[in-house]
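Trainee: My file is work-v5.txt. It has compact mmCIF, C-alpha atoms:
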# COMPACT_ATOMS: atom_id res chain seq x y z
CA MET A 24 32.69 -4.43 3.11
CA SER A 25 29.73 -6.09 4.86
CA MET A 26 28.76 -9.73 4.38
CA ILE A 27 25.56 -8.49 2.76
CA ASN A 28 27.53 -6.72 0.04
CA GLN A 29 29.84 -9.73 -0.39
CA SER A 30 26.92 -12.14 -0.86
CA GLY A 31 26.51 -11.37 -4.55
CA THR A 32 23.33 -10.45 -6.36
CA PHE A 33 20.58 -12.18 -8.30
CA ALA A 34 17.77 -11.11 -10.58
CA LEU A 35 14.36 -10.78 -8.99
CA GLY A 36 12.06 -9.85 -11.82
CA ASP A 37 13.39 -6.67 -13.39
CA ARG A 38 15.57 -5.81 -10.38
CA HIS A 39 18.84 -7.12 -9.02
CA VAL A 40 19.02 -7.65 -5.26
CA LYS A 41 21.67 -8.89 -2.87
CA ARG A 42 21.47 -12.56 -1.93
CA LEU A 43 21.03 -11.68 1.74
CA GLY A 44 17.73 -10.01 2.54
CA TYR A 45 15.60 -9.61 5.65
CA GLY A 46 12.68 -11.87 6.57
CA ALA A 47 10.21 -9.84 8.62
CA MET A 48 8.08 -12.71 9.93
CA GLN A 49 9.47 -12.63 13.46
CA LEU A 50 8.86 -8.89 13.90
CA ALA A 51 5.33 -9.69 15.07
CA GLY A 52 4.56 -11.00 18.54
CA PRO A 53 5.06 -14.54 19.83
CA GLY A 54 3.87 -17.14 17.33
CA VAL A 55 3.89 -14.44 14.62
CA PHE A 56 0.68 -13.14 16.17
CA GLY A 57 -0.07 -9.74 17.64
CA PRO A 58 2.28 -6.82 18.19
CA PRO A 59 5.98 -7.19 18.98
CA LYS A 60 7.11 -7.22 22.58
CA ASP A 61 9.19 -4.09 21.87
CA HIS A 62 7.78 -1.84 19.14
CA ASP A 63 10.77 0.53 19.08
CA ALA A 64 13.24 -2.37 18.87
CA ALA A 65 11.33 -3.79 15.87
CA LEU A 66 11.61 -0.44 14.09
CA ALA A 67 15.31 -0.26 14.95
CA VAL A 68 15.93 -3.75 13.50
CA LEU A 69 14.35 -2.74 10.19
CA ARG A 70 16.31 0.50 9.99
CA GLN A 71 19.57 -1.27 10.86
CA ALA A 72 18.96 -3.91 8.18
CA ILE A 73 18.69 -1.18 5.56
CA ALA A 74 21.72 0.65 6.98
CA LEU A 75 23.74 -2.57 6.65
CA GLY A 76 22.82 -2.84 2.97
CA VAL A 77 19.73 -5.05 2.86
CA ASP A 78 17.83 -4.22 -0.32
CA HIS A 79 14.95 -6.70 -0.14
CA ILE A 80 12.51 -7.61 2.59
CA ASP A 81 10.27 -10.66 2.74
CA THR A 82 6.97 -10.04 4.51
CA SER A 83 3.25 -10.74 4.48
CA ASP A 84 0.22 -8.96 5.78
CA PHE A 85 -0.85 -12.20 7.47
CA TYR A 86 2.14 -11.86 9.83
CA GLY A 87 0.56 -10.41 12.92
CA PRO A 88 -1.86 -10.09 11.08
CA HIS A 89 -1.13 -6.65 9.59
CA VAL A 90 1.68 -6.08 12.11
CA THR A 91 4.88 -6.53 10.10
CA ASN A 92 3.75 -4.48 7.11
CA ARG A 93 2.72 -1.59 9.33
CA LEU A 94 6.08 -1.75 11.12
CA ILE A 95 7.91 -1.77 7.78
CA ARG A 96 5.97 1.27 6.64
CA GLU A 97 6.52 3.12 9.92
CA ALA A 98 10.25 2.38 9.95
CA LEU A 99 11.14 2.79 6.30
CA ALA A 100 8.64 4.93 4.36
CA PRO A 101 9.37 6.75 2.21
CA TYR A 102 11.18 3.66 0.95
CA PRO A 103 14.70 3.72 -0.51
CA ASP A 104 14.61 3.50 -4.31
CA ASP A 105 16.57 0.23 -4.31
CA LEU A 106 14.37 -1.56 -1.75
CA VAL A 107 12.34 -4.49 -3.08
CA ILE A 108 9.49 -5.69 -0.87
CA VAL A 109 8.38 -9.26 -1.47
CA THR A 110 5.10 -10.23 0.14
CA LYS A 111 2.94 -13.34 0.32
CA VAL A 112 -0.75 -14.08 -0.03
CA GLY A 113 -2.69 -17.32 0.31
CA ALA A 114 -3.12 -17.59 4.07
CA ARG A 115 -4.82 -15.77 6.89
CA ARG A 116 -4.80 -15.91 10.67
CA GLY A 117 -7.68 -17.13 12.81
CA ALA A 118 -8.71 -15.19 15.92
CA ASP A 119 -6.85 -17.82 17.95
CA GLY A 120 -3.64 -17.31 15.94
CA SER A 121 -4.17 -20.40 13.76
CA TRP A 122 -2.89 -20.46 10.17
CA LEU A 123 -5.66 -20.90 7.62
CA PRO A 124 -5.66 -21.14 3.82
CA ALA A 125 -7.07 -18.11 2.00
CA VAL A 126 -7.00 -18.78 -1.73
CA SER A 127 -10.43 -17.82 -3.00
CA ALA A 128 -10.52 -14.98 -5.52
CA ASN A 129 -12.00 -12.60 -2.94
CA GLU A 130 -9.46 -13.57 -0.27
CA LEU A 131 -6.52 -13.12 -2.64
CA ARG A 132 -7.77 -9.75 -3.89
CA ARG A 133 -8.36 -8.61 -0.30
CA ALA A 134 -4.86 -9.79 0.68
CA VAL A 135 -3.19 -7.83 -2.12
CA HIS A 136 -5.16 -4.71 -1.19
CA ASP A 137 -4.31 -5.19 2.52
CA ASN A 138 -0.62 -5.48 1.63
CA LEU A 139 -0.80 -2.34 -0.53
CA ARG A 140 -2.60 -0.34 2.16
CA ASN A 141 -0.48 -1.44 5.12
CA LEU A 142 2.80 -0.99 3.25
CA GLY A 143 1.62 2.30 1.75
CA LEU A 144 2.48 1.28 -1.81
CA PRO A 145 0.68 1.81 -5.13
CA MET A 146 2.10 -1.49 -6.49
CA LEU A 147 3.66 -4.55 -4.87
CA ASP A 148 7.12 -5.46 -6.24
CA VAL A 149 6.69 -9.24 -5.88
CA VAL A 150 3.74 -11.25 -4.56
CA ASN A 151 4.39 -14.88 -3.73
CA LEU A 152 1.37 -17.15 -3.83
CA ARG A 153 1.67 -19.39 -0.79
CA ILE A 154 0.09 -22.74 -1.39
CA TRP A 155 -1.37 -24.41 1.66
CA GLY A 156 0.05 -27.92 1.72
CA ASP A 157 0.04 -30.88 4.08
CA GLN A 158 -0.65 -29.49 7.54
CA GLY A 159 0.15 -26.10 6.04
CA HIS A 160 3.92 -26.43 6.09
CA ARG A 161 4.89 -28.95 3.42
CA PRO A 162 4.03 -28.70 -0.26
CA ALA A 163 1.15 -30.88 -1.43
CA ASP A 164 -0.17 -31.72 -4.87
CA GLY A 165 -2.98 -29.65 -6.34
CA SER A 166 -3.57 -27.10 -9.06
CA VAL A 167 -2.29 -23.55 -8.65
CA VAL A 168 -4.23 -22.28 -11.68
CA PRO A 169 -7.32 -20.86 -9.91
CA ALA A 170 -5.32 -18.81 -7.39
CA LEU A 171 -2.56 -17.86 -9.80
CA THR A 172 -5.13 -16.63 -12.31
CA VAL A 173 -6.27 -14.07 -9.73
CA LEU A 174 -2.70 -12.83 -9.21
CA ALA A 175 -2.17 -12.61 -12.96
CA GLU A 176 -5.31 -10.45 -13.16
CA LEU A 177 -4.02 -8.21 -10.36
CA GLN A 178 -0.74 -7.96 -12.23
CA SER A 179 -2.53 -6.85 -15.41
CA GLU A 180 -4.39 -4.25 -13.29
CA GLY A 181 -1.03 -2.77 -12.24
CA LEU A 182 -1.23 -3.77 -8.56
CA VAL A 183 1.44 -6.50 -8.72
CA ARG A 184 4.71 -6.11 -10.64
CA HIS A 185 5.94 -9.73 -10.39
CA VAL A 186 4.54 -13.06 -9.23
CA GLY A 187 6.32 -15.81 -7.31
CA LEU A 188 5.38 -19.03 -5.56
CA SER A 189 5.79 -20.32 -2.01
CA ASN A 190 5.44 -23.82 -0.57
CA VAL A 191 4.99 -25.58 -3.91
CA THR A 192 5.90 -28.80 -5.67
CA SER A 193 7.94 -28.96 -8.88
CA ALA A 194 4.75 -29.94 -10.76
CA GLN A 195 3.05 -26.78 -9.46
CA VAL A 196 5.99 -24.67 -10.66
CA GLU A 197 5.69 -26.21 -14.12
CA GLU A 198 1.94 -25.60 -14.13
CA ALA A 199 2.43 -21.98 -13.04
CA LEU A 200 4.99 -21.29 -15.75
CA GLY A 201 2.31 -22.07 -18.30
CA LEU A 202 0.14 -19.29 -16.90
CA CYS A 203 2.51 -16.38 -16.15
CA ASP A 204 6.14 -15.49 -15.52
CA ILE A 205 7.34 -16.70 -12.12
CA VAL A 206 10.27 -14.68 -10.73
CA CYS A 207 10.99 -16.73 -7.61
CA VAL A 208 10.09 -19.86 -5.69
CA GLN A 209 10.24 -19.69 -1.89
CA ASN A 210 10.10 -23.10 -0.25
Here is the file; what I need is its structure written in the form of structure tokens.
Mentor:
Amino acid sequence: MSMINQSGTFALGDRHVKRLGYGAMQLAGPGVFGPPKDHDAALAVLRQAIALGVDHIDTSDFYGPHVTNRLIREALAPYPDDLVIVTKVGARRGADGSWLPAVSANELRRAVHDNLRNLGLPMLDVVNLRIWGDQGHRPADGSVVPALTVLAELQSEGLVRHVGLSNVTSAQVEEALGLCDIVCVQN
């Protein structure tokens, strides 16, 4: 039995997934920007992860940008029935590879639609709202309501099954729970 299967499971929304998943961030090029150095190797890594029992992948369309989700689709579509894809919105990449916040209503809607298109899905299993904190990498105080309201609307439109949070404070989690169900926190 593989370590993945021995890791146990946990509830992620209405699904149960193994505790060990695959984080796709490093599939993109150096600095998580541009294409991978070896396209075929990136596809092979994704396929091997699934073959070893991985049943959830963490990704975002701002990795690359657009690179990791297109690789996931190329390697794995049509997707296994038990695969849960968790993606993030709330950031974008500058032309120079910089990480920039993207939390306006238009940016969040565009990000969800980019994720849907590049993954080739009619609905996203889980969308984590990444909050841009101090220097981008540490959580910082501030309201999540404006951005989370947009994701809750997208959820009611049938484009997002579950909502999670990324890079948040405990106060932001409490605030979010007053607005919608939160299935995970990724810090």
Trainee: Using only C-alpha atoms, pick whichever of A:Leu202, A:Ile27, A:Leu152, A:Ala51 has the shortest atom-to-atom distance to Ser189 in chain A.
Mentor: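 Using only C-alpha atoms, Ser189 in chain A sits closest to A:Leu152.
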Trainee: Could you list, with a cut-off of 10 Å and counting only C-alpha atoms, the residues of range 127-191 of chain A near range 114-123 of chain A, each shown with its nearest atom pair and the distance in Å rounded to one decimal, rows sorted by chain and ascending number, as a Markdown table?
Mentor:
| residue | atom | partner | partner_atom | distance |
| --- | --- | --- | --- | --- |
| A:Glu130 | CA | A:Ala114 | CA | 8.7 |
| A:Leu131 | CA | A:Ala114 | CA | 8.8 |
| A:Ala134 | CA | A:Arg115 | CA | 8.6 |
| A:Leu152 | CA | A:Ala114 | CA | 9.1 |
| A:Arg153 | CA | A:Ala114 | CA | 7.1 |
| A:Ile154 | CA | A:Ala114 | CA | 8.2 |
| A:Trp155 | CA | A:Ala114 | CA | 7.4 |
| A:Gln158 | CA | A:Trp122 | CA | 9.7 |
| A:Gly159 | CA | A:Trp122 | CA | 7.6 |
| A:His160 | CA | A:Trp122 | CA | 9.9 |
Trainee: Write out as a PyMOL selection string the residues lying within 12 Å of Gly44 in chain A, counting only C-alpha atoms and excluding same-chain residues fewer than 3 positions away.
Mentor: chain A and resi 26-28+30-33+39-41+47+69+72-73+75-82+106-109
Trainee: Please list as a ChimeraX atom specification every residue within 9 Å of Pro169 in chain A, counting all atoms listed in the file and excluding residues in the same chain fewer than 3 positions away.
Mentor: /A:126-128,166,172-173
Trainee: Write the selection just made, keeping C-alpha atoms, as a compact mmCIF listing (two decimals), keeping the file's coordinate frame?
Mentor:
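See result-v8.txt below for the written result:
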# COMPACT_ATOMS: atom_id res chain seq x y z
CA VAL A 126 -7.00 -18.78 -1.73
CA SER A 127 -10.43 -17.82 -3.00
CA ALA A 128 -10.52 -14.98 -5.52
CA SER A 166 -3.57 -27.10 -9.06
CA THR A 172 -5.13 -16.63 -12.31
CA VAL A 173 -6.27 -14.07 -9.73
Trainee: Which distance in Å separates CA of Gly156 in chain A and CA of Leu144 in chain A, to one decimal?
Mentor: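 Those two atoms sit 29.5 Å apart.
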Trainee: Just checking: using all atoms listed in the file, which residue out of A:Asn210, A:Asn141, A:Ser83, A:Gln71 ends up closest to Ser193 in chain A?
Mentor: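 Ranked by minimum distance to Ser193 in chain A, first place goes to A:Asn210.
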Trainee: One number please: CA of Pro145 in chain A to CA of Glu180 in chain A, in Å, one decimal.
Mentor: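 Distance between the two atoms: 11.4 Å.
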Trainee: Between A:Pro124, A:Gly46, A:Gly181, A:Gly201, which is the closest to Val168 in chain A once you count all atoms listed in the file?
Mentor: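 Using all atoms listed in the file, Val168 in chain A sits closest to A:Gly201.
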Trainee: Record the distance separating CA of Asp164 in chain A and CA of Val206 in chain A, expressed in Å with one decimal.
Mentor: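 Computing it gives 20.8 Å between the two atoms.
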Trainee: Just want the 8 Å neighbourhood of Cys207 in chain A, counted on all atoms listed in the file, with same-chain residues fewer than 2 positions away dropped. Output as a PyMOL selection string.
Mentor: chain A and resi 35+151+186-188+205+209
Trainee: Considering all atoms listed in the file, return as a list in words whatever protein or nucleic-acid residues lie within 8 Å of range 93-99 of chain A, sequence-local ones (same chain, fewer than 2 positions apart) excluded.
Mentor: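 Contacts, with the query itself left out: Ala65, Leu66, Ala67, Leu69, Arg70, His89, Val90, Thr91, Pro101, Tyr102, Pro103, Asn141, Leu142 and Gly143 of chain A.
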Trainee: Considering all atoms listed in the file, return as a list of chain:residue names whatever protein or nucleic-acid residues lie within 9 Å of Leu182 in chain A, sequence-local ones (same chain, fewer than 3 positions apart) excluded.
Mentor: A:Val135, A:His136, A:Leu139, A:Pro145, A:Met146, A:Leu147, A:Asp148, A:Leu177, A:Gln178, A:Ser179
Trainee: Next, write the just-selected residues to a file, as a PDB file, keeping the file's coordinate frame, keeping C-alpha atoms as the atom set.
Mentor:
ATOM      1  CA  VAL A 135      -3.190  -7.830  -2.120  1.00  0.00           C
ATOM      2  CA  HIS A 136      -5.160  -4.710  -1.190  1.00  0.00           C
ATOM      3  CA  LEU A 139      -0.800  -2.340  -0.530  1.00  0.00           C
ATOM      4  CA  PRO A 145       0.680   1.810  -5.130  1.00  0.00           C
ATOM      5  CA  MET A 146       2.100  -1.490  -6.490  1.00  0.00           C
ATOM      6  CA  LEU A 147       3.660  -4.550  -4.870  1.00  0.00           C
ATOM      7  CA  ASP A 148       7.120  -5.460  -6.240  1.00  0.00           C
ATOM      8  CA  LEU A 177      -4.020  -8.210 -10.360  1.00  0.00           C
ATOM      9  CA  GLN A 178      -0.740  -7.960 -12.230  1.00  0.00           C
ATOM     10  CA  SER A 179      -2.530  -6.850 -15.410  1.00  0.00           C
TER      11      SER A 179
END
